[in-house]
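Containing compact mmCIF, C-alpha atoms: entry19.txt.
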# COMPACT_ATOMS: atom_id res chain seq x y z
CA MET O 395 -138.60 4.83 31.10
CA CYS O 396 -135.48 4.09 29.12
CA GLY O 397 -136.85 0.70 28.17
CA ASP O 398 -139.99 2.30 26.75
CA GLU O 399 -137.87 4.67 24.67
CA ASP O 400 -135.80 1.76 23.33
CA ASP O 401 -138.97 -0.16 22.43
CA ALA O 402 -140.33 2.90 20.69
CA ALA O 403 -137.10 3.33 18.72
CA VAL O 404 -137.11 -0.32 17.72
CA SER O 405 -140.74 -0.24 16.66
CA GLN O 406 -140.14 2.95 14.66
CA ASP O 407 -137.17 1.39 12.85
CA SER O 408 -139.06 -1.84 12.38
CA CYS O 409 -141.83 -0.08 10.52
CA THR O 410 -139.34 0.97 7.90
CA ILE O 411 -138.08 -2.57 7.44
CA GLY O 412 -141.47 -4.16 6.56
CA GLU O 413 -141.15 -7.83 5.61
CA TRP O 414 -138.14 -9.00 7.59
CA SER O 415 -136.30 -12.27 8.20
CA CYS O 416 -132.99 -12.84 9.95
CA LYS O 417 -130.04 -13.53 7.67
CA HIS O 418 -128.74 -16.30 9.95
CA CYS O 419 -131.56 -18.01 11.86
CA LYS O 420 -134.28 -17.07 9.32
CA THR O 421 -136.77 -16.02 11.99
CA SER O 422 -139.45 -13.66 10.71
CA ASP O 423 -140.74 -12.38 14.07
CA ILE O 424 -140.00 -8.68 13.91
CA SER O 425 -140.30 -8.38 17.70
CA ASN O 426 -136.91 -10.13 18.01
CA LEU O 427 -135.14 -7.05 16.69
CA GLU O 428 -133.50 -5.14 19.54
CA GLY O 429 -131.40 -2.05 19.75
CA GLY O 430 -127.75 -2.86 20.44
CA GLY O 431 -125.27 -0.96 22.56
CA ASP O 432 -124.09 1.06 19.56
CA SER O 433 -127.67 1.84 18.43
CA SER O 434 -127.63 -0.86 15.74
CA LEU O 435 -130.48 -3.37 15.18
CA VAL O 436 -129.60 -6.90 16.36
CA CYS O 437 -131.52 -10.17 16.20
CA ALA O 438 -132.22 -11.32 19.78
CA CYS O 439 -132.20 -15.03 18.82
CA CYS O 440 -128.74 -15.34 17.23
CA GLY O 441 -127.10 -11.91 17.65
CA THR O 442 -126.80 -11.14 13.93
CA VAL O 443 -126.51 -7.41 13.20
CA GLU O 444 -129.31 -6.48 10.85
CA GLN O 445 -128.70 -2.78 10.35
CA SER O 446 -125.50 -1.01 11.35
CA VAL O 447 -125.09 2.61 12.31
CA THR O 448 -124.61 5.12 9.53
CA MET O 449 -121.09 6.52 9.79
CA VAL O 450 -120.86 10.30 9.36
CA SER O 451 -117.58 11.88 8.29
CA GLN O 452 -116.20 14.35 10.81
CA GLU O 453 -113.75 16.30 8.64
CA ARG O 454 -116.38 19.04 8.26
CA SER O 455 -119.73 19.89 9.82
CA LYS O 456 -121.95 21.47 7.19
CA ASN O 457 -123.96 19.57 4.58
CA CYS O 458 -122.98 21.79 1.66
CA ALA O 459 -120.43 21.74 -1.12
CA LYS O 460 -116.90 21.23 0.14
CA ARG O 461 -115.64 24.42 -1.48
CA ASP O 462 -118.30 26.44 0.42
CA ASP O 463 -117.72 24.83 3.83
CA SER O 464 -115.66 26.90 6.27
CA THR O 465 -115.88 24.26 9.03
CA GLN O 466 -113.42 21.82 7.47
CA VAL O 467 -110.95 20.61 10.10
CA ALA O 468 -109.20 17.71 8.29
CA GLU O 469 -108.55 16.12 4.91
CA ALA O 470 -110.63 13.03 4.18
CA ARG O 471 -108.89 9.98 2.77
CA PHE O 472 -109.58 9.39 -0.91
CA GLY O 473 -111.59 6.38 -1.98
CA SER O 474 -108.83 4.81 -4.09
CA ALA O 475 -105.19 5.22 -5.03
CA LYS O 476 -106.17 6.36 -8.55
CA GLU O 477 -108.40 9.07 -7.09
CA ALA O 478 -105.52 10.26 -4.91
CA ALA O 479 -103.22 10.32 -7.96
CA TYR O 480 -105.83 12.27 -9.93
CA ASN O 481 -106.03 14.84 -7.13
CA ALA O 482 -102.22 15.07 -7.02
CA TRP O 483 -102.15 15.88 -10.76
CA SER O 484 -104.71 18.66 -10.29
CA ASN O 485 -102.49 20.43 -7.74
CA GLY O 486 -99.60 20.82 -10.16
CA PRO O 487 -96.23 19.07 -10.57
CA GLU O 488 -95.64 16.56 -7.78
CA SER O 489 -92.20 16.14 -6.26
CA SER O 490 -90.60 12.71 -6.11
CA GLU O 491 -90.75 12.71 -2.31
CA ASP O 492 -94.48 13.55 -2.24
CA ARG O 493 -95.14 10.92 -4.88
CA ARG O 494 -93.26 8.27 -2.89
CA ALA O 495 -95.13 9.20 0.29
CA ARG O 496 -98.47 9.01 -1.54
CA MET O 497 -97.66 5.59 -2.96
CA GLN O 498 -96.46 4.35 0.42
CA SER O 499 -99.66 5.49 2.13
CA TRP O 500 -101.69 3.33 -0.28
CA ALA O 501 -99.39 0.30 0.00
CA ASN O 502 -100.83 -2.69 1.82
CA GLY O 503 -99.46 -4.04 5.09
CA THR O 504 -98.55 -2.62 8.49
CA ARG O 505 -95.56 -0.57 9.57
CA MET O 506 -94.01 0.01 12.98
CA SER O 507 -93.03 3.47 14.07
CA THR O 508 -89.64 4.77 13.02
CA LYS O 509 -88.58 5.13 16.67
CA THR O 510 -89.27 1.44 17.35
CA LEU O 511 -87.50 0.36 14.17
CA LYS O 512 -84.38 2.32 15.06
CA LYS O 513 -84.43 0.99 18.62
CA HIS O 514 -84.36 -2.64 17.42
CA ASP O 515 -82.08 -1.92 14.43
CA LEU O 516 -84.75 -2.86 11.86
CA ILE O 517 -84.86 0.35 9.87
CA SER O 518 -82.83 -1.04 6.94
CA GLY O 519 -85.14 -4.03 6.48
CA GLN O 520 -88.22 -1.81 6.73
CA ASN O 521 -86.82 0.51 4.03
CA ILE O 522 -86.44 -2.44 1.68
CA LEU O 523 -90.04 -3.50 2.36
CA ASP O 524 -91.29 0.08 1.84
CA LEU O 525 -89.44 0.32 -1.47
CA ASP O 526 -90.98 -2.92 -2.70
CA ALA O 527 -94.46 -1.82 -1.56
CA VAL O 528 -94.09 1.51 -3.39
CA ARG O 529 -93.08 -0.29 -6.58
CA ASN O 530 -96.12 -2.56 -6.36
CA ALA O 531 -98.39 0.45 -5.82
CA GLN O 532 -96.84 2.22 -8.82
CA ASN O 533 -97.43 -0.83 -11.02
CA ALA O 534 -101.08 -0.87 -9.94
CA VAL O 535 -101.78 2.86 -10.32
CA GLU O 536 -99.29 3.85 -13.05
CA ALA O 537 -99.28 0.80 -15.29
CA ASN O 538 -97.71 2.66 -18.21
CA PRO O 539 -94.54 4.60 -17.25
CA LYS O 540 -94.45 6.31 -20.67
CA GLU O 541 -97.95 7.69 -20.17
CA HIS O 542 -97.02 8.92 -16.68
CA ASN O 543 -93.93 10.70 -17.98
CA ARG O 544 -95.89 12.40 -20.77
CA GLN O 545 -98.57 13.54 -18.33
CA THR O 546 -95.84 14.98 -16.12
CA ALA O 547 -94.39 16.85 -19.10
CA ILE O 548 -97.83 18.22 -20.05
CA ILE O 549 -98.46 19.42 -16.48
CA ARG O 550 -95.08 21.18 -16.43
CA ILE O 551 -95.85 22.94 -19.73
CA LEU O 552 -99.20 24.00 -18.29
CA GLU O 553 -97.32 25.65 -15.43
CA MET O 554 -95.26 27.58 -17.98
CA ILE O 555 -98.48 28.75 -19.64
CA PHE O 556 -99.90 29.79 -16.28
CA ASP O 557 -96.78 31.90 -15.68
CA ILE O 558 -97.68 33.84 -18.83
CA LEU O 559 -101.24 34.28 -17.46
CA PRO O 560 -100.57 35.60 -13.93
CA SER O 561 -104.11 36.88 -13.37
CA LEU O 562 -105.71 33.48 -14.01
CA ASP O 563 -107.52 32.22 -10.91
CA ASP O 564 -105.95 29.24 -9.10
CA ARG O 565 -109.25 27.33 -9.18
CA ILE O 566 -109.41 27.71 -12.96
CA LYS O 567 -105.83 26.41 -13.16
CA LYS O 568 -106.78 23.37 -11.11
CA HIS O 569 -109.76 22.72 -13.40
CA ILE O 570 -107.49 22.91 -16.48
CA ARG O 571 -105.08 20.38 -14.97
CA ARG O 572 -107.88 17.95 -14.10
CA GLU O 573 -109.41 18.17 -17.57
CA SER O 574 -106.01 17.70 -19.19
CA VAL O 575 -105.34 14.51 -17.24
CA ARG O 576 -108.87 13.20 -17.90
CA ILE O 577 -108.78 13.81 -21.66
CA TYR O 578 -105.24 12.52 -22.15
CA SER O 579 -105.99 9.35 -20.14
CA ALA O 580 -109.13 8.74 -22.23
CA SER O 581 -107.06 9.16 -25.41
CA MET O 582 -104.51 6.62 -24.18
CA GLN O 583 -107.27 4.12 -23.39
CA HIS O 584 -108.70 4.59 -26.89
CA GLU O 585 -105.27 4.20 -28.47
CA ALA O 586 -104.77 0.87 -26.69
CA ILE O 587 -108.04 -0.42 -28.21
CA CYS O 588 -107.97 1.27 -31.63
CA LYS O 589 -104.60 0.09 -33.01
CA GLU O 590 -105.29 2.20 -36.12
CA LYS O 591 -102.16 3.68 -37.67
CA GLY O 592 -102.30 7.46 -37.70
CA CYS O 593 -105.44 7.66 -35.52
CA MET O 594 -106.50 11.30 -35.25
CA LEU O 595 -107.68 10.76 -31.66
CA ALA O 596 -104.30 9.46 -30.42
CA LEU O 597 -102.75 12.40 -28.57
CA SER O 598 -99.58 10.45 -27.77
CA THR O 599 -98.35 11.15 -31.32
CA ARG O 600 -98.69 14.92 -30.82
CA SER O 601 -96.26 17.36 -29.29
CA ASN O 602 -96.57 17.91 -25.53
CA SER O 603 -96.53 21.68 -25.96
CA VAL O 604 -99.31 21.60 -28.57
CA ILE O 605 -101.43 19.41 -26.28
CA ALA O 606 -100.90 21.72 -23.29
CA TYR O 607 -101.71 24.89 -25.26
CA SER O 608 -104.75 23.27 -26.88
CA MET O 609 -106.02 21.94 -23.54
CA THR O 610 -105.81 25.40 -22.00
CA GLU O 611 -107.56 27.01 -24.96
CA TRP O 612 -110.31 24.36 -25.04
CA VAL O 613 -111.11 24.54 -21.30
CA LEU O 614 -111.23 28.35 -21.32
CA GLU O 615 -113.42 28.28 -24.42
CA MET O 616 -115.85 25.85 -22.77
CA LEU O 617 -116.10 28.17 -19.77
CA CYS O 618 -116.70 31.23 -21.99
CA THR O 619 -119.34 29.59 -24.20
CA PRO O 620 -121.85 27.66 -22.07
CA HIS O 621 -124.00 26.82 -25.12
CA LEU O 622 -121.09 24.96 -26.71
CA ALA O 623 -120.17 23.31 -23.42
CA LYS O 624 -123.75 22.10 -22.95
CA ARG O 625 -123.68 20.31 -26.32
CA THR O 626 -120.08 19.07 -26.09
CA LEU O 627 -120.16 17.88 -22.47
CA ALA O 628 -123.62 16.30 -22.65
CA GLY O 629 -122.34 13.06 -21.08
CA GLN O 630 -120.11 14.75 -18.46
CA GLU O 631 -120.63 16.87 -15.39
CA MET O 632 -120.71 20.38 -16.80
CA LYS O 633 -118.52 22.93 -15.00
CA THR O 634 -119.26 26.64 -15.17
CA ILE O 635 -117.43 29.73 -14.00
CA ALA O 636 -119.97 30.19 -11.22
CA SER O 637 -119.40 26.68 -9.88
CA ILE O 638 -115.58 26.85 -10.07
CA ALA O 639 -114.69 30.47 -9.31
CA PRO O 640 -117.75 32.63 -8.56
CA GLU O 641 -115.60 35.77 -8.24
CA CYS O 642 -114.45 35.54 -11.87
CA THR O 643 -116.47 36.90 -14.78
CA VAL O 644 -116.85 35.76 -18.35
CA GLN O 645 -114.96 38.86 -19.50
CA ASP O 646 -111.95 37.87 -17.35
CA ILE O 647 -111.84 34.38 -18.88
CA ARG O 648 -112.21 35.81 -22.40
CA ILE O 649 -109.19 38.05 -21.83
CA GLN O 650 -107.14 35.00 -20.76
CA LEU O 651 -108.43 33.04 -23.75
CA PHE O 652 -107.41 35.83 -26.11
CA SER O 653 -103.91 35.82 -24.59
CA VAL O 654 -103.60 32.05 -25.10
CA LYS O 655 -104.66 32.29 -28.74
CA GLN O 656 -102.02 34.95 -29.39
CA LEU O 657 -99.17 32.73 -28.18
CA GLN O 658 -96.82 31.69 -30.96
CA MET O 659 -95.47 28.13 -30.95
CA ARG O 660 -92.37 26.80 -32.64
CA TYR O 661 -92.76 23.79 -34.96
CA ALA O 662 -96.58 23.88 -34.71
CA GLY O 663 -98.67 25.38 -37.49
CA ALA O 664 -102.32 26.42 -37.45
CA VAL O 665 -103.48 23.17 -39.07
CA HIS O 666 -101.66 21.08 -36.45
CA ARG O 667 -103.24 23.02 -33.59
CA MET O 668 -106.70 22.77 -35.16
CA GLN O 669 -106.34 18.99 -35.51
CA VAL O 670 -105.37 18.65 -31.85
CA MET O 671 -108.20 20.99 -30.82
CA GLY O 672 -110.67 18.92 -32.83
CA ALA O 673 -109.47 15.70 -31.18
CA ILE O 674 -109.69 17.26 -27.70
CA ASN O 675 -113.20 18.55 -28.44
CA ILE O 676 -114.34 15.05 -29.43
CA ILE O 677 -112.63 13.24 -26.53
CA GLY O 678 -113.85 15.81 -24.01
CA GLY O 679 -117.47 14.84 -24.67
CA TRP O 680 -116.92 11.08 -24.42
CA GLU O 681 -118.77 9.02 -21.87
CA ASN O 682 -117.28 6.01 -20.08
CA GLY O 683 -118.00 3.49 -22.84
CA ASP O 684 -116.77 5.62 -25.73
CA THR O 685 -113.07 5.08 -24.99
CA VAL O 686 -113.25 1.38 -25.90
CA LYS O 687 -114.83 1.96 -29.32
CA PRO O 688 -112.23 1.64 -32.10
CA CYS O 689 -112.13 3.97 -35.07
CA PRO O 690 -113.58 2.77 -38.40
CA GLU O 691 -111.24 1.46 -41.06
CA PRO O 692 -109.57 4.13 -43.25
CA ALA O 693 -110.82 4.93 -46.72
CA PRO O 694 -109.51 2.90 -49.67
CA PRO O 695 -106.28 4.33 -51.10
CA LEU O 696 -107.89 5.12 -54.47
CA LEU O 697 -110.44 7.42 -52.86
CA ARG O 698 -107.68 9.49 -51.28
CA LEU O 699 -105.97 10.12 -54.62
CA PRO O 700 -106.88 12.95 -57.02
CA PRO O 701 -109.05 11.95 -60.03
CA ALA O 702 -106.14 12.53 -62.44
CA ILE O 703 -104.19 9.73 -60.73
CA ALA O 704 -107.07 7.49 -59.63
CA ASN O 705 -108.65 7.32 -63.09
CA PHE O 706 -105.35 6.81 -64.89
CA PRO O 707 -103.17 4.85 -62.46
CA ASP O 708 -100.42 3.94 -64.98
CA LYS O 709 -99.30 5.35 -68.29
CA TYR O 710 -96.42 3.68 -70.12
CA GLY O 711 -95.04 2.37 -66.82
CA ARG O 712 -95.06 5.81 -65.19
CA ALA O 713 -97.54 7.21 -62.70
CA PRO O 714 -99.23 10.40 -63.96
CA LEU O 715 -98.64 13.69 -62.19
CA PRO O 716 -101.51 15.32 -60.24
CA ASP O 717 -103.53 17.95 -62.05
CA PRO O 718 -102.47 21.42 -60.78
CA SER O 719 -106.01 22.71 -61.37
CA ASP O 720 -107.54 20.10 -59.03
CA VAL O 721 -108.93 22.05 -56.06
CA THR O 722 -110.13 18.96 -54.19
CA MET O 723 -106.73 17.60 -53.14
CA LYS O 724 -106.69 19.32 -49.73
CA LEU O 725 -110.44 18.89 -49.31
CA ARG O 726 -110.12 15.11 -49.74
CA GLU O 727 -107.64 14.88 -46.88
CA ARG O 728 -109.78 17.19 -44.76
CA VAL O 729 -112.89 15.07 -45.36
CA HIS O 730 -110.95 11.93 -44.42
CA SER O 731 -109.56 13.55 -41.24
CA THR O 732 -112.98 14.88 -40.23
CA ALA O 733 -114.52 11.45 -40.74
CA GLN O 734 -111.86 9.88 -38.52
CA LEU O 735 -112.35 12.43 -35.75
CA THR O 736 -116.14 12.04 -35.74
CA ARG O 737 -116.13 8.25 -36.31
CA THR O 738 -118.30 8.62 -39.40
CA ARG O 739 -119.62 5.44 -41.00
CA GLY O 740 -117.40 4.04 -43.72
CA ASP O 741 -120.08 4.10 -46.42
CA VAL O 742 -120.92 7.76 -45.72
CA ARG O 743 -117.24 8.75 -45.80
CA ASN O 744 -116.55 6.83 -49.02
CA SER O 745 -119.60 8.29 -50.75
CA ALA O 746 -118.58 11.81 -49.73
CA MET O 747 -115.08 11.31 -51.12
CA GLU O 748 -116.45 9.76 -54.32
CA SER O 749 -118.69 12.80 -54.83
CA LEU O 750 -115.56 14.94 -55.20
CA SER O 751 -115.00 13.27 -58.57
CA VAL O 752 -118.26 14.75 -59.94
CA ALA O 753 -117.76 18.05 -61.78
CA GLY O 754 -121.05 19.58 -60.61
CA ASN O 755 -120.26 19.01 -56.94
CA VAL O 756 -116.72 20.39 -57.31
CA ASN O 757 -117.90 23.53 -59.11
CA PHE O 758 -120.43 24.25 -56.36
CA LEU O 759 -117.83 23.81 -53.62
CA LYS O 760 -115.29 25.90 -55.54
CA GLU O 761 -117.66 28.88 -55.64
CA SER O 762 -118.12 28.85 -51.86
CA SER O 763 -116.12 31.22 -49.62
CA LEU O 764 -116.18 28.85 -46.62
CA ASN O 765 -112.94 27.29 -45.40
CA GLN O 766 -111.95 23.65 -45.90
CA ASP O 767 -113.04 22.44 -42.45
CA VAL O 768 -116.56 23.84 -42.81
CA LEU O 769 -116.82 22.38 -46.34
CA ALA O 770 -115.73 18.95 -45.08
CA CYS O 771 -118.35 18.91 -42.30
CA SER O 772 -121.03 20.17 -44.68
CA LEU O 773 -120.20 17.53 -47.30
CA LEU O 774 -120.31 14.68 -44.73
CA ARG O 775 -123.61 15.93 -43.33
CA ALA O 776 -125.19 16.35 -46.77
CA THR O 777 -124.02 12.87 -47.77
CA ALA O 778 -125.46 11.30 -44.60
CA THR O 779 -128.78 13.09 -45.16
CA LYS O 780 -128.84 11.93 -48.79
CA MET O 781 -128.32 8.33 -47.63
CA ASN O 782 -130.95 8.66 -44.83
CA LEU O 783 -128.32 8.05 -42.13
CA PRO O 784 -127.63 10.01 -38.90
CA ASP O 785 -125.12 12.85 -38.90
CA SER O 786 -122.01 12.25 -36.78
CA THR O 787 -120.33 15.65 -37.19
CA GLU O 788 -122.53 17.56 -34.75
CA LEU O 789 -119.99 18.09 -31.95
CA LEU O 790 -117.04 18.94 -34.19
CA LYS O 791 -119.22 21.15 -36.37
CA ASP O 792 -120.06 23.49 -33.47
CA HIS O 793 -116.39 23.90 -32.63
CA ILE O 794 -115.39 24.54 -36.27
CA LEU O 795 -118.17 27.07 -36.85
CA HIS O 796 -117.21 28.91 -33.68
CA ASN O 797 -113.56 29.21 -34.75
CA ALA O 798 -114.44 30.12 -38.35
CA CYS O 799 -117.02 32.74 -37.23
CA VAL O 800 -119.74 31.11 -39.36
CA SER O 801 -123.32 31.19 -38.13
CA GLN O 802 -125.52 28.13 -37.82
CA THR O 803 -127.99 29.62 -40.30
CA THR O 804 -125.34 30.10 -42.99
CA TYR O 805 -124.07 26.57 -42.47
CA SER O 806 -127.56 25.04 -42.56
CA GLU O 807 -128.54 26.91 -45.73
CA PHE O 808 -125.30 25.95 -47.48
CA THR O 809 -125.66 22.28 -46.46
CA ALA O 810 -129.26 22.17 -47.65
CA GLU O 811 -128.29 23.69 -51.01
CA LEU O 812 -125.37 21.27 -51.32
CA GLY O 813 -127.66 18.32 -50.57
CA SER O 814 -130.09 19.39 -53.30
CA ILE O 815 -127.42 19.31 -56.06
CA LEU O 816 -125.19 16.57 -54.60
CA GLN O 817 -124.61 13.66 -56.97
CA PHE O 818 -122.61 10.52 -56.41
CA LYS O 819 -120.22 9.17 -59.01
CA GLN O 820 -122.37 6.30 -60.33
CA LEU O 821 -125.48 8.49 -60.60
CA ALA O 822 -123.53 11.18 -62.47
CA GLU O 823 -122.17 8.64 -64.97
CA ASP O 824 -125.68 7.30 -65.63
CA THR O 825 -126.98 10.84 -66.24
CA GLU O 826 -124.22 11.56 -68.74
CA GLU O 827 -125.06 8.39 -70.66
CA LEU O 828 -128.71 9.53 -71.06
CA PHE O 829 -127.61 12.64 -72.94
Represent the structure of the file as structure tokens.
Amino acid sequence: MCGDEDDAAVSQDSCTIGEWSCKHCKTSDISNLEGGGDSSLVCACCGTVEQSVTMVSQERSKNCAKRDDSTQVAEARFGSAKEAAYNAWSNGPESSEDRRARMQSWANGTRMSTKTLKKHDLISGQNILDLDAVRNAQNAVEANPKEHNRQTAIIRILEMIFDILPSLDDRIKKHIRRESVRIYSASMQHEAICKEKGCMLALSTRSNSVIAYSMTEWVLEMLCTPHLAKRTLAGQEMKTIASIAPECTVQDIRIQLFSVKQLQMRYAGAVHRMQVMGAINIIGGWENGDTVKPCPEPAPPLLRLPPAIANFPDKYGRAPLPDPSDVTMKLRERVHSTAQLTRTRGDVRNSAMESLSVAGNVNFLKESSLNQDVLACSLLRATATKMNLPDSTELLKDHILHNACVSQTTYSEFTAELGSILQFKQLAEDTEELF
């Protein structure tokens, strides 16, 4: 009876295999497949295991999300040392002893029990081997000590911010830590490839406190505004309040977000925080391949100068002073910074900065009540549309409009009107010659 059941099991599994041939003896007779002692399929001619048993983890019983499973009885081992380090960051500051134990658990080799080592007086030699193994593991997982130290400092500042927000849920705190480590690591990878001096996406040049405050504000804002998160995190796994902390409400997160925005920081102005927030918003939506894309080359120096200096570079051996009535000085720098953050094409950026030398364009922008960031995004978008090229300011534009309390309709109407009167420098000079 048992033999019939085994034959039935083998024939049932064989139907799923279809065209079969042994990996070793190359026989194609499917009747040679037999069920082994551990329920695996084995070739009867040579003993080669064709299909092993599927191993099921026993740390929990239910087939649901881990956070919803109340039957968890153990902690599963992480798939890699980097994954274990990432999980350690998400749980807050890690002590030196816990860090050493984590590194030692991922070190290669075998280790006798401490009782046996003490019995044979080998504990000193084993400590030397453990120290060397931990150093090798640190070199593999934490290749850049400077980056590790800065991440530690950012995590500690996050804990200080969490002390100011006592009612913030622990699961939201863990999500903020994980996003902070992910975004900062992506920025460091980009910085190693970019090599551009003054890159706006390099967070290592920013203050640790500004990064921590901006990370907290950005994560809470993404949780409060799902429509922005859906557009920003299109290439990432989108997290919502319901999936992280179902007991929390949007109103609770908005209260915490309002408290974070009211915090005053020393040696960090509003422009500095907005630049860091813009960089975090761009990096947060990156996919895996975006970190290795370098930034475009900066604009030529003449385009970054006011017209009074660019058009008259030297006068009797002295450089002319900038025109006090020139309202485009700050807007030029803002357009250049926005183009760097959004990786705008060089020809689109240069044409947008050249258009600020045309009187008609400047007069139209001067009459607008929008702030400099919105004007910079609108000018880059109108220039790209005029040149029949794709717009690259979409992600940053949503974040800027949300902070400036400007609707999409107002922005679209202003950009369309700007595009209808926008003239580039060469075209404007040709028109003046006609009259």
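Using only C-alpha atoms, the nearest neighbour of Leu816 of chain O within the list O:Ala596, O:Ala673, O:Ala746, O:Ile587 is O:Ala746.
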Separating atom CA of Arg775 of chain O from atom CA of Leu597 of chain O, to the nearest tenth of an Å, is a gap of 25.8 Å
Out of O:Gly754, O:Pro620, O:Pro695, O:Pro690, which residue has the shortest atom-to-atom distance to Gly740 of chain O when counting only C-alpha atoms?
O:Pro690
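Residues surrounding Gly683 of chain O within 12 Å are Ala580, Gln583, His584, Ile587, Gly629, Ile677, Gly679, Lys687 and Pro688 of chain O [all atoms listed in the file; sequence separation below 4 positions excluded].
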Nearest candidate to Lys476 of chain O (options O:Ser653, O:Arg600, O:Glu585, O:Asn533; using only C-alpha atoms)
O:Asn533
Write out as a short mmCIF file (atom, residue, chain, number, x, y, z; two decimals) with C-alpha atoms, in the coordinates of the input each polymer residue whose atoms come within 12 Å of Leu651 of chain O, counting all atoms listed in the file; drop sequence neighbours fewer than 4 positions from it.
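selection_13.cif written:
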data_model
loop_
_atom_site.label_atom_id
_atom_site.label_comp_id
_atom_site.auth_asym_id
_atom_site.auth_seq_id
_atom_site.Cartn_x
_atom_site.Cartn_y
_atom_site.Cartn_z
CA ILE O 555 -98.48 28.75 -19.64
CA PHE O 556 -99.90 29.79 -16.28
CA ILE O 558 -97.68 33.84 -18.83
CA LEU O 559 -101.24 34.28 -17.46
CA SER O 561 -104.11 36.88 -13.37
CA LEU O 562 -105.71 33.48 -14.01
CA TYR O 607 -101.71 24.89 -25.26
CA SER O 608 -104.75 23.27 -26.88
CA MET O 609 -106.02 21.94 -23.54
CA THR O 610 -105.81 25.40 -22.00
CA GLU O 611 -107.56 27.01 -24.96
CA TRP O 612 -110.31 24.36 -25.04
CA VAL O 613 -111.11 24.54 -21.30
CA LEU O 614 -111.23 28.35 -21.32
CA GLU O 615 -113.42 28.28 -24.42
CA MET O 616 -115.85 25.85 -22.77
CA LEU O 617 -116.10 28.17 -19.77
CA CYS O 618 -116.70 31.23 -21.99
CA THR O 619 -119.34 29.59 -24.20
CA VAL O 644 -116.85 35.76 -18.35
CA GLN O 645 -114.96 38.86 -19.50
CA ASP O 646 -111.95 37.87 -17.35
CA ILE O 647 -111.84 34.38 -18.88
CA LYS O 655 -104.66 32.29 -28.74
CA GLN O 656 -102.02 34.95 -29.39
CA LEU O 657 -99.17 32.73 -28.18
#
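In terms of minimum interatomic distance to Asn797 of chain O, O:Asn765 ranks closest within O:Ser581, O:Asn538, O:Ser425, O:Asn765, counting only C-alpha atoms.
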Any idea what's packed within 9 Å of Gln669 of chain O, counting only C-alpha atoms, ignoring anything in its chain fewer than 3 positions away? Could you give it as a PyMOL selection string?
chain O and resi 594+664-666+672-674+731+735
Of O:Ile577, O:Met554, O:Leu783, O:Val752, the one nearest to Asn682 of chain O when counting all atoms listed in the file is O:Ile577
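Compared by their closest atoms to His730 of chain O, and using all atoms listed in the file, the residues O:Thr599, O:Ile794, O:Ser814, O:Gly592 rank with O:Gly592 nearest.
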Please provide the set of residues having any atom within 9 Å of Val768 of chain O, restricted to all atoms listed in the file, with same-chain residues fewer than 2 positions apart removed, written as a list of chain:residue names.
O:Leu764, O:Asn765, O:Gln766, O:Ala770, O:Cys771, O:Ser772, O:Leu773, O:Lys791, O:Ile794, O:Leu795, O:Ala798, O:Val800, O:Tyr805
